[in-house]
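Okay, structure first, notes after.
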Amino acid sequence: MAKLEYFIVAESLSTDRETNRVSVFNVLEEITAKLPTHFPRLTAVSAWNMAPEDRGQDFQVTLRIPQPWKETEPKHLDFHVNFTTERSRHRVYHHIEGVPLKQGGDLKLQVLLNGEPVASHSITVHDREPDRQPEAAPYEVV
Amino acid sequence: MKEGLRQEAITDNTLRNFVSSLLQDLRRGERFPHELAVAAIAVALEGRATDFADEFLHDLSRLELAEMSACIRVARECWKDRMQVTHTRSKSFRLAAGDGSLSSLAGGSAISLRTDVGQSEQRFTYGAA
């Protein structure tokens with residue numbers, strides 16, 4: 001069975017076409033935003049080691065993003081990518097634009113293989129306080 | 001062709017003989033008339049784990065012949081991809097403005113699909129327009 005090598009969520013990534021090396025930019029760990037808002041862009045990369053018996057098999061990798069503020073089930077969004085490979089390693093990129101973000105706290109993104117949770121990546125979301133008026137000077141000069 | 005190879009309706013030996021017959025039309029200073037066919041064979045053999053596939057892609061990708069430069073370039077790409085251990089599958093999703101709810105997702109539609117040799121990429125847009 002395919003085994004996860006790593007899973008990480010970031011703003012973007014780049015793959016060198018010559019060397020096939022992947023570079024991940026701005027890993028999402030902690031963000032501060034005026035809520036509600038949305039992620040302009042979010043990229044998840046998962047790398048899988050394939051066993052010899054996995055060659056030619058169909059796999060589905062799902063990125064699950066919780067949406068706990070939703071009033072109806074399921075309280076998450078699922079993004080599926082299917083693949084079949086003959087290689088010993090396989091990467092899956094999820095590029096997602098416009099994911100809603102409506103409350104602060106820990107947002108635990110999960111990666112699932114064929115419907116089974118395998119790993120997670122937590123992003124702490126801070127709700128920025130509403131713009132405050134500048135504080136009055138503690139004293140007045142006369 | 002890939003399906004034929006997979007089902008063994010086409011064998012490596014058939015391809016070897018076919019390529020040999022095509023190469024009889026190779027003339028110095030003239031564009032090789034079967035470049036498309038040879039390039040298609042290169043693509044079909046890219047993921048095939050046989051000695052012939054190795055030999056064909058390796059040898060073709062190392063040729064320096066202006067007469068068949070296009071299929072040589074294709075073979076180089078196929079060889080490079082064959083040598084890469086890691087393959088990548090990439091898919092883009094865009095949630096339409098609004099609540100991005102799952103019901104909106106269910107009603108989504110694909111707007112474009114792009115598949116490259118070796119690496120693959122898909123783009124989808126979901127949600128209300």
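Identifiers in this document derive from the order of the structure tokens: chains are assigned A, B, ..., residues are numbered from 1 separately in each chain, and ligands are numbered from 1 in order of occurrence.
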What are the closest atom pairs, with distances in Å to one decimal, for all residues of chain B lying within 6 Å of chain A? Consider only C-alpha atoms, order rows by chain and residue number, and present the result as a Markdown table.
| residue | atom | partner | partner_atom | distance |
| --- | --- | --- | --- | --- |
| B:Val85 | CA | A:Arg87 | CA | 5.9 |
| B:Thr86 | CA | A:Arg89 | CA | 4.6 |
| B:His87 | CA | A:His90 | CA | 4.8 |
| B:Thr88 | CA | A:Arg91 | CA | 4.6 |
| B:Arg89 | CA | A:Val92 | CA | 4.8 |
| B:Ser90 | CA | A:Tyr93 | CA | 4.5 |
| B:Lys91 | CA | A:His94 | CA | 5.4 |
| B:Ser92 | CA | A:His95 | CA | 4.5 |
| B:Phe93 | CA | A:Ile96 | CA | 4.7 |
| B:Arg94 | CA | A:Glu97 | CA | 4.6 |
| B:Leu95 | CA | A:Gly98 | CA | 5.1 |
Region 7-111 of chain B: residues DSSP assigns to strand (DSSP E or B), reported as number ranges by chain
B: 86-95, 109-111
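With only C-alpha atoms as the atoms that count, the residue of B:Asp12, B:Asp81, B:Glu67, B:Glu3 with the shortest distance to His34 (chain B) is B:Glu67.
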Find the residues around Met68 (chain B) up to 7 Å (only C-alpha atoms counted), leave out those fewer than 2 positions away in its own chain, and share them as a PyMOL selection string.
chain B and resi 31-32+35+65-66+70-72
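Neighbouring residues of Glu30 (chain A) at 7 Å or closer, counting only C-alpha atoms and skipping chain neighbours under 4 positions away, are Ile123, Thr124 and Val125 of chain A.
When only C-alpha atoms are used to compute distances to Leu109 (chain A), the closest of the residues A:Thr32, A:Met1, A:Arg55, A:Ala10 turns out to be A:Ala10.
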Find the residues around Asp51 (chain B) up to 12 Å (only C-alpha atoms counted), leave out those fewer than 5 positions away in its own chain, and share them as JSON, numbers by chain.
{"B": [12, 13, 16, 45, 46, 56, 57, 58, 59]}
Go ahead and write the residues just picked, C-alpha atoms, as an mmCIF file, in the first residue's frame.
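Ended up saving to selection-v7.cif:
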data_model
loop_
_atom_site.group_PDB
_atom_site.id
_atom_site.type_symbol
_atom_site.label_atom_id
_atom_site.label_comp_id
_atom_site.auth_asym_id
_atom_site.auth_seq_id
_atom_site.Cartn_x
_atom_site.Cartn_y
_atom_site.Cartn_z
ATOM 1 C CA ASP B 12 8.483 -5.084 -28.802
ATOM 2 C CA ASN B 13 9.695 -7.161 -31.710
ATOM 3 C CA ARG B 16 11.570 -3.036 -33.624
ATOM 4 C CA LEU B 45 7.283 3.288 -24.808
ATOM 5 C CA GLU B 46 7.984 5.900 -22.148
ATOM 6 C CA PHE B 56 14.907 2.678 -28.141
ATOM 7 C CA LEU B 57 14.540 5.809 -26.011
ATOM 8 C CA HIS B 58 18.168 5.859 -24.923
ATOM 9 C CA ASP B 59 19.559 5.505 -28.437
#
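Straight-line separation from CA of Glu53 (chain A) to CA of Ala53 (chain B): 21.6 Å.
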Quick one: distance from CA of Arg62 (chain B) to CA of Cys78 (chain B) in Å, one decimal?
12.2 Å
